[in-house]
file entry.txt (compact mmCIF, C-alpha atoms)
# COMPACT_ATOMS: atom_id res chain seq x y z
CA MET E 8 -28.48 12.78 0.43
CA SER E 9 -27.04 9.51 1.70
CA THR E 10 -23.57 8.39 0.68
CA PRO E 11 -23.61 5.36 -1.68
CA GLU E 12 -22.11 2.16 -0.31
CA SER E 13 -21.25 0.62 -3.68
CA TYR E 14 -21.04 1.37 -7.39
CA ASN E 15 -21.07 -0.46 -10.72
CA THR E 16 -18.24 -0.42 -13.23
CA ILE E 17 -16.92 -2.65 -15.99
CA GLY E 18 -14.81 -5.62 -15.02
CA GLN E 19 -12.36 -5.52 -17.92
CA ALA E 20 -11.47 -3.74 -21.14
CA SER E 21 -13.52 -4.55 -24.23
CA THR E 22 -13.76 -3.72 -27.95
CA ALA E 23 -16.63 -3.57 -30.44
CA GLU E 24 -17.14 -2.34 -34.01
CA PHE E 25 -20.13 -0.66 -35.64
CA LYS E 26 -20.42 0.12 -39.38
CA ASP E 27 -22.66 2.58 -41.17
CA ARG E 28 -22.47 3.52 -44.88
CA GLY E 29 -18.80 2.69 -45.21
CA SER E 30 -17.65 4.35 -41.96
CA LYS E 31 -16.27 2.17 -39.18
CA PHE E 32 -16.68 3.09 -35.52
CA ILE E 33 -14.36 1.05 -33.27
CA ALA E 34 -15.13 1.40 -29.55
CA HIS E 35 -12.76 0.58 -26.70
CA ALA E 36 -14.08 0.51 -23.12
CA TYR E 37 -11.74 0.66 -20.12
CA PRO E 38 -12.22 0.55 -16.34
CA ILE E 39 -10.46 3.54 -14.77
CA SER E 40 -10.35 5.01 -11.27
CA ALA E 41 -8.64 8.38 -11.69
CA VAL E 42 -8.79 11.25 -14.17
CA ASP E 43 -5.12 11.06 -15.08
CA GLU E 44 -5.56 7.48 -16.36
CA PHE E 45 -7.65 8.37 -19.39
CA LYS E 46 -4.80 10.06 -21.28
CA ARG E 47 -2.80 6.84 -21.31
CA TYR E 48 -5.70 4.94 -22.86
CA ILE E 49 -6.37 7.67 -25.42
CA ASP E 50 -2.73 7.47 -26.52
CA GLU E 51 -3.00 3.69 -26.67
CA VAL E 52 -6.07 3.85 -28.91
CA LYS E 53 -4.42 6.39 -31.22
CA LYS E 54 -1.49 4.02 -31.69
CA LEU E 55 -3.90 1.19 -32.51
CA HIS E 56 -5.78 3.32 -35.04
CA PRO E 57 -3.32 5.88 -36.43
CA LYS E 58 -5.35 6.44 -39.62
CA ALA E 59 -8.67 7.07 -37.88
CA SER E 60 -10.10 10.53 -38.54
CA HIS E 61 -11.55 11.02 -35.06
CA HIS E 62 -10.99 9.64 -31.53
CA CYS E 63 -14.04 10.68 -29.51
CA PHE E 64 -14.48 9.72 -25.88
CA ALA E 65 -16.37 10.09 -22.64
CA TYR E 66 -15.76 9.03 -19.08
CA ARG E 67 -17.45 9.17 -15.72
CA ILE E 68 -15.51 8.72 -12.46
CA GLY E 69 -16.32 8.54 -8.77
CA ALA E 70 -18.85 6.77 -6.61
CA ASP E 71 -20.97 9.93 -6.61
CA LYS E 72 -20.53 10.14 -10.43
CA ASN E 73 -19.73 13.85 -10.29
CA ILE E 74 -16.59 13.69 -12.42
CA PHE E 75 -17.09 13.36 -16.18
CA ARG E 76 -15.79 14.59 -19.51
CA VAL E 77 -16.85 14.32 -23.15
CA SER E 78 -14.95 15.02 -26.36
CA ASP E 79 -16.22 15.21 -29.95
CA ASP E 80 -12.66 15.46 -31.33
CA GLY E 81 -13.65 17.49 -34.39
CA GLU E 82 -17.06 15.93 -35.01
CA PRO E 83 -20.06 18.30 -34.95
CA SER E 84 -20.76 19.46 -31.40
CA GLY E 85 -22.79 17.02 -29.35
CA THR E 86 -22.70 14.19 -31.90
CA ALA E 87 -20.08 11.94 -30.27
CA GLY E 88 -19.03 12.57 -26.67
CA LYS E 89 -22.53 13.03 -25.27
CA PRO E 90 -23.98 9.89 -26.91
CA ILE E 91 -21.03 7.88 -25.58
CA LEU E 92 -21.55 9.26 -22.06
CA GLY E 93 -25.25 8.54 -22.40
CA GLN E 94 -24.51 4.84 -22.83
CA ILE E 95 -22.25 4.81 -19.77
CA ASP E 96 -25.01 6.47 -17.75
CA SER E 97 -27.82 4.32 -19.13
CA LYS E 98 -26.07 1.26 -17.75
CA GLY E 99 -25.53 2.91 -14.36
CA LEU E 100 -21.75 2.77 -14.66
CA THR E 101 -18.96 4.87 -13.25
CA ASN E 102 -15.16 4.63 -13.30
CA THR E 103 -15.59 3.88 -16.99
CA LEU E 104 -13.97 5.30 -20.13
CA VAL E 105 -15.16 4.65 -23.70
CA VAL E 106 -13.13 5.78 -26.71
CA VAL E 107 -14.61 5.49 -30.22
CA SER E 108 -12.32 5.81 -33.24
CA ARG E 109 -13.93 6.61 -36.60
CA TYR E 110 -12.66 5.63 -40.02
CA PHE E 111 -14.46 7.84 -42.56
CA GLY E 112 -16.07 5.80 -45.33
CA GLY E 113 -16.77 8.56 -47.83
CA SER E 114 -20.43 9.22 -47.02
CA LEU E 115 -21.66 11.96 -44.69
CA LEU E 116 -23.91 10.55 -41.98
CA GLY E 117 -25.38 13.84 -40.80
CA VAL E 118 -25.99 14.75 -37.17
CA PRO E 119 -28.61 12.05 -36.46
CA GLY E 120 -26.45 9.40 -38.12
CA LEU E 121 -23.35 10.36 -36.14
CA ILE E 122 -25.24 10.38 -32.84
CA ASN E 123 -26.61 6.92 -33.58
CA ALA E 124 -23.25 5.54 -34.72
CA TYR E 125 -21.30 6.67 -31.65
CA LYS E 126 -24.15 5.56 -29.40
CA MET E 127 -24.28 2.08 -30.95
CA ALA E 128 -20.49 1.59 -30.90
CA ALA E 129 -20.29 2.55 -27.22
CA SER E 130 -23.28 0.38 -26.34
CA MET E 131 -21.81 -2.65 -28.10
CA ALA E 132 -18.47 -2.30 -26.28
CA LEU E 133 -20.21 -2.06 -22.91
CA GLN E 134 -22.40 -5.08 -23.66
CA VAL E 135 -19.45 -7.44 -24.11
CA THR E 136 -17.72 -6.66 -20.82
CA PRO E 137 -19.03 -7.84 -17.43
CA VAL E 138 -20.46 -5.31 -15.02
CA VAL E 139 -19.05 -5.63 -11.52
CA ARG E 140 -20.27 -4.16 -8.27
CA LYS E 141 -17.63 -2.69 -5.99
CA ASP E 142 -18.03 -1.66 -2.39
CA ILE E 143 -16.93 1.85 -1.53
CA GLU E 144 -13.96 1.79 0.81
CA MET E 145 -12.86 4.63 3.05
CA GLU E 146 -9.15 4.93 3.71
CA TYR E 147 -8.05 5.79 7.25
CA ARG E 148 -4.61 6.53 8.61
CA LEU E 149 -4.01 4.93 12.00
CA HIS E 150 -1.36 6.05 14.48
CA PHE E 151 -0.65 3.80 17.44
CA ASP E 152 2.09 2.59 19.71
CA TYR E 153 4.13 -0.34 18.39
CA THR E 154 3.20 -2.46 21.38
CA ARG E 155 -0.44 -2.42 20.26
CA ILE E 156 0.16 -3.74 16.73
CA ASN E 157 -1.40 -7.14 17.42
CA GLU E 158 -4.46 -5.56 19.02
CA VAL E 159 -4.91 -3.18 16.08
CA MET E 160 -4.53 -5.93 13.48
CA ARG E 161 -7.10 -8.04 15.35
CA VAL E 162 -9.64 -5.20 15.30
CA ILE E 163 -9.00 -4.57 11.59
CA LYS E 164 -9.65 -8.24 10.83
CA GLN E 165 -12.79 -8.35 13.01
CA ARG E 166 -14.27 -5.38 11.14
CA GLY E 167 -13.60 -6.94 7.75
CA SER E 168 -11.18 -4.17 6.85
CA ARG E 169 -7.80 -4.53 5.19
CA VAL E 170 -4.42 -2.88 5.43
CA VAL E 171 -3.70 -0.89 2.25
CA SER E 172 -0.21 0.18 3.20
CA GLN E 173 1.94 0.31 6.27
CA GLU E 174 4.76 2.67 6.93
CA MET E 175 8.22 1.30 7.37
CA GLN E 176 10.02 2.97 10.23
CA LEU E 177 13.79 3.12 10.52
CA PHE E 178 15.80 3.80 13.65
CA PRO E 179 17.90 5.87 13.42
CA SER E 180 15.98 7.64 10.67
CA ASN E 181 19.25 8.62 8.97
CA TRP E 182 22.98 8.36 9.58
CA PHE E 183 26.15 10.23 8.62
CA THR E 184 29.27 9.83 6.55
CA GLY E 185 32.79 10.47 7.77
CA PHE E 186 32.63 8.85 11.22
CA LYS E 187 35.68 7.04 12.58
CA ASN E 188 33.41 4.26 13.85
CA THR E 189 31.95 2.81 10.67
CA LYS E 190 29.51 0.39 12.33
CA LEU E 191 25.76 1.04 12.40
CA GLN E 192 22.87 -1.13 13.58
CA LEU E 193 19.71 -0.13 11.74
CA ILE E 194 16.36 -1.14 13.24
CA VAL E 195 13.65 -1.77 10.64
CA HIS E 196 10.03 -1.89 11.80
CA GLN E 197 7.11 -2.96 9.65
CA GLN E 198 4.32 -5.48 9.96
CA GLY E 199 5.77 -8.92 9.15
CA ILE E 200 9.08 -7.51 7.90
CA ALA E 201 11.09 -10.50 9.17
CA ASN E 202 8.96 -12.89 7.11
CA LYS E 203 9.29 -10.77 3.96
CA MET E 204 13.07 -10.59 3.99
CA PRO E 205 14.91 -13.56 2.47
CA MET E 206 17.55 -15.52 4.34
CA TYR E 207 21.16 -14.82 3.43
CA LYS E 208 24.33 -16.76 4.12
CA LEU E 209 26.91 -14.03 4.49
CA SER E 210 30.66 -14.36 4.32
CA PRO E 211 32.84 -12.62 6.95
CA ALA E 212 33.30 -9.80 4.43
CA GLY E 213 29.55 -9.28 4.26
CA MET E 214 27.40 -8.29 1.28
CA LYS E 215 27.42 -4.97 -0.56
CA LEU E 216 24.00 -3.35 -0.18
CA ALA E 217 24.67 -0.07 -1.94
CA ASP E 218 27.48 2.31 -2.75
CA GLY E 219 29.58 2.59 0.41
CA VAL E 220 27.32 0.35 2.51
CA THR E 221 28.01 -3.28 3.45
CA LEU E 222 25.63 -5.67 5.21
CA LYS E 223 27.37 -7.77 7.86
CA MET E 224 24.39 -9.50 9.46
CA ILE E 225 20.58 -9.62 9.59
CA ASN E 226 19.39 -10.17 13.15
CA ARG E 227 15.91 -11.60 13.65
CA VAL E 228 14.07 -11.72 16.96
CA ASP E 229 10.88 -13.35 18.24
CA ASN E 230 8.82 -10.35 17.09
CA PRO E 231 8.43 -10.71 13.28
CA ASN E 232 7.77 -6.99 12.94
CA TYR E 233 11.42 -6.08 13.53
CA VAL E 234 14.78 -6.85 11.96
CA PHE E 235 18.14 -5.45 13.01
CA LEU E 236 20.67 -4.82 10.25
CA ASP E 237 24.36 -4.68 11.13
CA LEU E 238 25.90 -2.32 8.58
CA VAL E 239 29.31 -0.89 7.84
CA ILE E 240 29.45 2.60 6.34
CA ASP E 241 32.61 3.03 4.30
CA LYS E 242 34.84 5.87 5.47
CA ASN E 243 34.79 7.29 1.96
CA ALA E 244 31.03 6.92 1.44
CA LYS E 245 29.37 9.96 -0.10
CA PRO E 246 26.22 11.60 1.29
CA GLY E 247 22.94 10.69 -0.39
CA VAL E 248 19.94 8.36 -0.35
CA ARG E 249 20.68 4.66 -0.73
CA THR E 250 18.26 1.89 -1.68
CA PHE E 251 18.75 -1.43 0.11
CA THR E 252 17.06 -4.33 -1.68
CA PHE E 253 16.17 -7.56 0.09
CA GLY E 254 14.07 -9.54 -2.37
CA PRO E 255 10.60 -7.87 -2.33
CA VAL E 256 11.66 -5.41 0.38
CA GLN E 257 13.18 -2.07 -0.55
CA ILE E 258 14.54 0.28 2.09
CA LYS E 259 15.49 3.86 1.23
CA TYR E 260 18.01 5.26 3.68
CA GLU E 261 19.78 8.60 3.78
CA LEU E 262 23.39 9.23 4.72
CA LYS E 263 24.02 12.87 5.53
CA ALA E 264 27.33 14.69 5.61
CA LYS E 265 28.87 15.04 9.04
CA HIS E 266 29.90 18.52 10.14
CA THR E 267 33.53 19.08 9.29
CA ASP E 268 34.36 21.22 12.35
CA ASN E 269 35.25 19.81 15.75
CA GLY E 270 32.08 21.05 17.41
CA LYS E 271 33.82 23.41 19.82
CA THR E 272 32.32 26.46 18.16
CA ARG E 273 29.17 24.93 16.70
CA VAL E 274 28.01 23.18 19.88
CA LEU E 275 28.48 25.15 23.07
CA GLY E 276 28.03 22.93 26.08
CA VAL E 277 27.00 23.94 29.57
CA LYS E 278 29.78 25.58 31.55
CA SER E 279 30.36 26.53 35.17
CA GLU E 280 29.44 30.14 34.45
CA ASP E 281 25.99 29.21 33.08
CA PHE E 282 22.87 30.00 35.07
CA ILE E 283 20.75 26.86 34.54
CA TYR E 284 17.00 27.03 35.15
CA LEU E 285 15.36 23.64 35.83
CA LEU E 286 11.68 23.37 34.94
CA MET E 287 9.04 20.72 34.33
CA PRO E 288 7.26 21.77 31.11
CA ASP E 289 3.91 20.24 32.07
CA ARG E 290 3.85 22.35 35.25
CA PHE E 291 5.44 25.56 33.97
CA SER E 292 2.94 27.30 31.67
CA ASN E 293 0.17 26.28 29.26
CA GLY E 294 0.70 28.33 26.11
CA ASP E 295 -1.29 26.18 23.69
CA LEU E 296 -4.63 24.78 24.85
CA SER E 297 -5.10 22.84 21.60
CA ASN E 298 -2.51 20.21 22.53
CA ASP E 299 -3.75 19.53 26.07
CA ILE E 300 -5.45 16.33 24.90
CA ILE E 301 -4.18 14.37 21.90
CA LYS E 302 -6.75 12.01 20.42
CA GLY E 303 -5.36 8.50 20.20
CA TYR E 304 -2.97 8.87 23.11
CA ARG E 305 -3.58 6.39 25.91
CA ASP E 306 -4.00 9.13 28.50
CA GLU E 307 -6.54 11.73 27.43
CA THR E 308 -7.02 13.41 30.79
CA ILE E 309 -5.97 16.78 32.14
CA ASP E 310 -6.74 18.03 35.65
CA ARG E 311 -4.87 20.96 37.17
CA SER E 312 -6.50 20.30 40.53
CA ASN E 313 -4.90 16.83 40.73
CA LYS E 314 -1.17 16.77 41.42
CA PHE E 315 -0.88 13.31 39.84
CA SER E 316 -2.49 14.33 36.51
CA ARG E 317 -1.20 16.30 33.58
CA HIS E 318 -1.67 20.05 33.89
CA GLY E 319 -1.18 21.08 30.25
CA GLY E 320 2.11 22.96 30.25
CA ASP E 321 3.99 22.97 26.94
CA PHE E 322 6.83 24.45 24.88
CA LYS E 323 4.74 27.42 23.85
CA GLY E 324 4.28 28.29 27.50
CA VAL E 325 8.05 28.23 28.00
CA GLU E 326 8.60 30.27 24.84
CA ASN E 327 6.11 32.88 26.05
CA HIS E 328 8.26 33.42 29.16
CA LEU E 329 11.71 33.57 27.56
CA ASP E 330 11.93 37.30 28.23
CA TYR E 331 11.21 36.67 31.91
CA LEU E 332 13.92 34.01 32.06
CA ASN E 333 16.29 36.32 30.22
CA GLN E 334 15.67 39.07 32.75
CA LEU E 335 16.56 36.62 35.51
CA GLY E 336 19.91 36.08 33.82
CA VAL E 337 19.16 32.50 32.77
CA THR E 338 21.58 31.21 30.11
CA ALA E 339 20.37 27.59 29.89
CA ILE E 340 17.00 25.89 30.32
CA TRP E 341 17.00 22.34 31.66
CA MET E 342 13.61 20.74 31.12
CA THR E 343 12.65 17.35 32.50
CA PRO E 344 12.39 14.75 29.67
CA VAL E 345 10.21 15.74 26.72
CA ILE E 346 10.42 12.46 24.77
CA GLU E 347 7.04 10.88 23.99
CA ASN E 348 5.36 9.26 27.00
CA ASN E 349 2.31 7.67 25.39
CA THR E 350 1.29 5.56 28.36
CA SER E 351 -1.88 4.89 30.29
CA LEU E 352 -2.21 6.11 33.86
CA MET E 353 0.12 4.13 36.11
CA ARG E 354 -0.63 2.98 39.64
CA GLU E 355 1.95 4.52 41.97
CA TRP E 356 1.83 5.58 45.62
CA GLY E 357 -1.76 4.35 45.73
CA ASN E 358 -2.81 6.81 43.02
CA SER E 359 -3.39 6.84 39.26
CA VAL E 360 -0.39 8.80 37.98
CA ALA E 361 0.13 10.36 34.55
CA GLY E 362 3.49 10.53 32.79
CA TYR E 363 3.70 14.31 33.17
CA HIS E 364 7.32 14.03 34.35
CA GLY E 365 8.47 12.45 31.07
CA TYR E 366 10.20 9.42 32.58
CA TRP E 367 8.24 6.73 30.69
CA PHE E 368 9.57 6.81 27.12
CA THR E 369 7.55 5.07 24.41
CA ASP E 370 9.29 6.40 21.28
CA HIS E 371 12.84 7.72 21.50
CA TYR E 372 12.46 9.50 18.13
CA GLN E 373 9.35 11.53 18.96
CA VAL E 374 8.79 14.47 21.25
CA ASP E 375 5.51 14.28 23.16
CA LYS E 376 2.75 15.98 21.17
CA ARG E 377 1.18 17.36 24.37
CA PHE E 378 4.26 19.54 24.72
CA GLY E 379 4.12 20.55 21.06
CA GLY E 380 5.83 17.65 19.34
CA ASN E 381 9.01 17.78 17.28
CA ASP E 382 8.03 21.03 15.56
CA GLY E 383 7.23 22.75 18.83
CA TYR E 384 10.55 21.65 20.30
CA LEU E 385 12.40 23.07 17.31
CA ALA E 386 10.48 26.34 17.57
CA LEU E 387 11.38 26.68 21.26
CA SER E 388 15.01 25.86 20.54
CA ASN E 389 15.23 28.52 17.83
CA ALA E 390 13.49 31.13 19.97
CA ALA E 391 15.73 30.41 22.96
CA HIS E 392 18.93 30.52 20.90
CA LYS E 393 17.97 33.92 19.50
CA LYS E 394 18.00 35.19 23.07
CA GLY E 395 21.29 33.49 23.87
CA ILE E 396 19.67 30.77 25.97
CA LYS E 397 20.78 27.15 25.61
CA LEU E 398 18.59 24.06 25.93
CA VAL E 399 19.69 21.08 28.01
CA GLN E 400 18.09 17.81 26.90
CA ASP E 401 17.28 15.42 29.72
CA ALA E 402 16.59 11.71 29.37
CA VAL E 403 15.83 8.97 31.87
CA TYR E 404 16.56 5.47 30.53
CA ASN E 405 14.95 3.00 32.91
call {"tool": "encode", "arguments": {"input": "entry.txt", "output": "C-alpha cells"}}
result
Amino acid sequence: MSTPESYNTIGQASTAEFKDRGSKFIAHAYPISAVDEFKRYIDEVKKLHPKASHHCFAYRIGADKNIFRVSDDGEPSGTAGKPILGQIDSKGLTNTLVVVSRYFGGSLLGVPGLINAYKMAASMALQVTPVVRKDIEMEYRLHFDYTRINEVMRVIKQRGSRVVSQEMQLFPSNWFTGFKNTKLQLIVHQQGIANKMPMYKLSPAGMKLADGVTLKMINRVDNPNYVFLDLVIDKNAKPGVRTFTFGPVQIKYELKAKHTDNGKTRVLGVKSEDFIYLLMPDRFSNGDLSNDIIKGYRDETIDRSNKFSRHGGDFKGVENHLDYLNQLGVTAIWMTPVIENNTSLMREWGNSVAGYHGYWFTDHYQVDKRFGGNDGYLALSNAAHKKGIKLVQDAVYN
C-alpha cells in the first residue's frame, strides 16, 4: 500500500442544528490534529450546552485514517457515534471531530429516528465548513556543522521544505554561582538570532535580566546567527534556571552551584610520582565497530591500511584494556585531543589526511562521536577512576 501524499479535512469550526419531534440536535465540527485535543472541545461544548441530555461525538485522525473513536454518551448503542463517524467518512475527511448535543423534546424517536437525527446534524455541520486539502509533511531532524548553515538553508529552500523549529545553542551551556569573577560572556547561536533580538540602549549599570543576572552589553557580529551577551552574575545569586527575555526571544539558562571545597581533595592533578601513558585513541584499539563511521560527518572513511586515514580506535577500546594498563602500573592516561573534529580530509604532505589526531576542533562542547561521544567519554572516565587511573585532557588550540 502506498503512503498518501495529502488528506482532506475541514478548514474551520462550524455549527448546525437539526430538529425532530421537539428534540434539538446541535452539531459542532472542529478540525483537530491530535487525540488529546478532542477533550478540550468536548468540555467547550458542554459549557455551551449545560442542559443538553447527551453529548455524542466521533472523530477520525491521521493521514492513514487509522485513529478514530465514537461515543453514544448514554444513547442506545450504535445510534449516535457511528452515524456521526459515517458522515465524516462519507466526505473523505480526517483530522475532524464532530460533537452533537441533544436537547430532549419529550418524544422518543426510536433507534431509526436517533440514527437519522445524529446523521443529519453531523452532515449539516460538515456542509457549512470548507473542505481543505493538506499535503502530508514529514519532519526530519538535521545535524550539521555551524559553518554549513547557509548551505543547508539553501537546500531546504530549493526543495520547497520549511524549517519547523531550530535549536538554540548556548556556549557555555551552563554557568555557576559563587565565583569571584562575576563576568560571563554567553554565546547564543540560532538562525537569524541577531535580527530577532531588539536593540537596547543600556546604561553603565546595565539591565536586569533575571534574579541575580545583569546584562551589560549585547554584541552583534557580521554573522546574524550569533549574538554575544556580556553578563554579570551576582555574587549572591542562587542556583537555578533563569529565563532571559529579549522581545520575542526567550533564553532559558541554568546557573549551578559551585563546589564549596577548594578542589585539593576533589580534583587530584597529575604529580611527579604519576606514571602517565600517552596514547592516540584512534590508533589504540577499536572496541566499538558501530561508531567507525558516523553518518553526516564530513569524513566517512576508515582504512587501517592507510596511515593517513582513521583506523577506528575509540574509548571502548581503551576501556577494554584498563586492566592491562593497570598491570603496567599506569596511574594516568593522556589521550591526544578527543574534541569533535568534524572535518573533511585535508591536504597535507601531499596526501589526503583525516583528523584522526584530534587537532582540528569543530565544536569545543562535543566529544567526537567516532570515539564514543560525550557518553562514551564519561563511561571511560568512570571506569578508569574505579581502577585509580586519572584522565588527562589534551587540547590543541590553533
call {"tool": "atom_distance", "arguments": {"input": "entry.txt", "atom1": "atom CA of E:Ser351", "atom2": "atom CA of E:His150"}}
result
15.9 Å
call {"tool": "residues_around", "arguments": {"input": "entry.txt", "residues": "E:Ile122", "least_positions_apart": "6", "cutoff": "8 Å", "atoms": "all atoms listed in the file", "output": "ChimeraX atom specification"}}
result
/E:85-87,90
call {"tool": "closest_residue", "arguments": {"input": "entry.txt", "among": "E:Ala244, E:Ala41, E:Val135, E:Val228", "to": "E:Ala201", "atoms": "only C-alpha atoms"}}
result
E:Val228
call {"tool": "atom_distance", "arguments": {"input": "entry.txt", "atom1": "atom CA of E:Arg354", "atom2": "atom CA of E:Asp321"}}
result
24.1 Å
call {"tool": "closest_residue", "arguments": {"input": "entry.txt", "among": "E:Ile309, E:Ile346, E:Ala132, E:Val274", "to": "E:Leu398", "atoms": "only C-alpha atoms"}}
result
E:Val274
call {"tool": "closest_residue", "arguments": {"input": "entry.txt", "among": "E:Lys245, E:Gln257, E:Arg377, E:Arg76", "to": "E:Met175", "atoms": "all atoms listed in the file"}}
result
E:Gln257
call {"tool": "closest_atom_pairs", "arguments": {"input": "entry.txt", "of": "stretch 230-251 of chain E", "to": "stretch 189-194 of chain E", "cutoff": "10 Å", "atoms": "only C-alpha atoms", "output": "JSON lines"}}
result
{"residue": "E:Tyr233", "atom": "CA", "partner": "E:Ile194", "partner_atom": "CA", "distance": 7.0}
{"residue": "E:Val234", "atom": "CA", "partner": "E:Ile194", "partner_atom": "CA", "distance": 6.1}
{"residue": "E:Phe235", "atom": "CA", "partner": "E:Ile194", "partner_atom": "CA", "distance": 4.7}
{"residue": "E:Leu236", "atom": "CA", "partner": "E:Leu193", "partner_atom": "CA", "distance": 5.0}
{"residue": "E:Asp237", "atom": "CA", "partner": "E:Gln192", "partner_atom": "CA", "distance": 4.6}
{"residue": "E:Leu238", "atom": "CA", "partner": "E:Leu191", "partner_atom": "CA", "distance": 5.1}
{"residue": "E:Val239", "atom": "CA", "partner": "E:Lys190", "partner_atom": "CA", "distance": 4.7}
{"residue": "E:Ile240", "atom": "CA", "partner": "E:Thr189", "partner_atom": "CA", "distance": 5.0}
{"residue": "E:Asp241", "atom": "CA", "partner": "E:Thr189", "partner_atom": "CA", "distance": 6.4}
{"residue": "E:Lys242", "atom": "CA", "partner": "E:Thr189", "partner_atom": "CA", "distance": 6.7}
call {"tool": "write_last_selection", "arguments": {"input": "entry.txt", "atoms": "C-alpha atoms", "output": "short mmCIF file (atom, residue, chain, number, x, y, z; two decimals), keeping the file's coordinate frame"}}
result
data_model
loop_
_atom_site.label_atom_id
_atom_site.label_comp_id
_atom_site.auth_asym_id
_atom_site.auth_seq_id
_atom_site.Cartn_x
_atom_site.Cartn_y
_atom_site.Cartn_z
CA TYR E 233 11.42 -6.08 13.53
CA VAL E 234 14.78 -6.85 11.96
CA PHE E 235 18.14 -5.45 13.01
CA LEU E 236 20.67 -4.82 10.25
CA ASP E 237 24.36 -4.68 11.13
CA LEU E 238 25.90 -2.32 8.58
CA VAL E 239 29.31 -0.89 7.84
CA ILE E 240 29.45 2.60 6.34
CA ASP E 241 32.61 3.03 4.30
CA LYS E 242 34.84 5.87 5.47
#
call {"tool": "closest_residue", "arguments": {"input": "entry.txt", "among": "E:Leu286, E:Ala264, E:Leu104, E:Ala36", "to": "E:Gln134", "atoms": "all atoms listed in the file"}}
result
E:Ala36
call {"tool": "closest_residue", "arguments": {"input": "entry.txt", "among": "E:Ser60, E:Asn181, E:Gln19, E:Asn202", "to": "E:Pro255", "atoms": "only C-alpha atoms"}}
result
E:Asn202
call {"tool": "axis_aligned_box", "arguments": {"input": "entry.txt", "around": "stretch 382-401 of chain E", "padding_each_side": "6 Å", "output": "lines of an AutoDock Vina configuration file"}}
result
center_x = 14.3
center_y = 25.3
center_z = 22.6
size_x = 26.1
size_y = 31.8
size_z = 26.2
call {"tool": "build_atoms", "arguments": {"input": "entry.txt", "residues": "stretch 357-374 of chain E", "atoms": "N, CA and C atoms", "output": "mmCIF file, in the coordinates of the input"}}
result
data_model
loop_
_atom_site.group_PDB
_atom_site.id
_atom_site.type_symbol
_atom_site.label_atom_id
_atom_site.label_comp_id
_atom_site.auth_asym_id
_atom_site.auth_seq_id
_atom_site.Cartn_x
_atom_site.Cartn_y
_atom_site.Cartn_z
ATOM 1 N N GLY E 357 -0.339 4.485 45.467
ATOM 2 C CA GLY E 357 -1.760 4.350 45.730
ATOM 3 C C GLY E 357 -2.634 5.263 44.899
ATOM 4 N N ASN E 358 -2.054 5.883 43.859
ATOM 5 C CA ASN E 358 -2.810 6.810 43.020
ATOM 6 C C ASN E 358 -2.614 6.469 41.541
ATOM 7 N N SER E 359 -3.535 6.946 40.715
ATOM 8 C CA SER E 359 -3.390 6.840 39.260
ATOM 9 C C SER E 359 -2.558 8.031 38.799
ATOM 10 N N VAL E 360 -1.360 7.752 38.289
ATOM 11 C CA VAL E 360 -0.390 8.800 37.980
ATOM 12 C C VAL E 360 -0.171 8.893 36.477
ATOM 13 N N ALA E 361 -0.150 10.121 35.962
ATOM 14 C CA ALA E 361 0.130 10.360 34.550
ATOM 15 C C ALA E 361 1.641 10.515 34.342
ATOM 16 N N GLY E 362 2.066 10.388 33.097
ATOM 17 C CA GLY E 362 3.490 10.530 32.790
ATOM 18 C C GLY E 362 3.890 11.970 32.543
ATOM 19 N N TYR E 363 3.409 12.885 33.356
ATOM 20 C CA TYR E 363 3.700 14.310 33.170
ATOM 21 C C TYR E 363 5.176 14.634 33.320
ATOM 22 N N HIS E 364 5.902 13.787 34.070
ATOM 23 C CA HIS E 364 7.320 14.030 34.350
ATOM 24 C C HIS E 364 8.214 13.647 33.187
ATOM 25 N N GLY E 365 7.695 12.824 32.255
ATOM 26 C CA GLY E 365 8.470 12.450 31.070
ATOM 27 C C GLY E 365 9.413 11.292 31.258
ATOM 28 N N TYR E 366 9.244 10.499 32.293
ATOM 29 C CA TYR E 366 10.200 9.420 32.580
ATOM 30 C C TYR E 366 9.848 8.087 31.919
ATOM 31 N N TRP E 367 8.702 8.022 31.225
ATOM 32 C CA TRP E 367 8.240 6.730 30.690
ATOM 33 C C TRP E 367 8.268 6.766 29.159
ATOM 34 N N PHE E 368 9.431 6.700 28.575
ATOM 35 C CA PHE E 368 9.570 6.810 27.120
ATOM 36 C C PHE E 368 8.838 5.694 26.386
ATOM 37 N N THR E 369 8.166 6.061 25.301
ATOM 38 C CA THR E 369 7.550 5.070 24.410
ATOM 39 C C THR E 369 8.089 5.151 22.990
ATOM 40 N N ASP E 370 8.678 6.261 22.610
ATOM 41 C CA ASP E 370 9.290 6.400 21.280
ATOM 42 C C ASP E 370 10.438 7.395 21.397
ATOM 43 N N HIS E 371 11.651 6.885 21.296
ATOM 44 C CA HIS E 371 12.840 7.720 21.500
ATOM 45 C C HIS E 371 13.041 8.729 20.375
ATOM 46 N N TYR E 372 12.284 8.617 19.277
ATOM 47 C CA TYR E 372 12.460 9.500 18.130
ATOM 48 C C TYR E 372 11.343 10.530 18.012
ATOM 49 N N GLN E 373 10.456 10.580 19.006
ATOM 50 C CA GLN E 373 9.350 11.530 18.960
ATOM 51 C C GLN E 373 9.286 12.326 20.251
ATOM 52 N N VAL E 374 9.045 13.615 20.101
ATOM 53 C CA VAL E 374 8.790 14.470 21.250
ATOM 54 C C VAL E 374 7.291 14.440 21.528
#
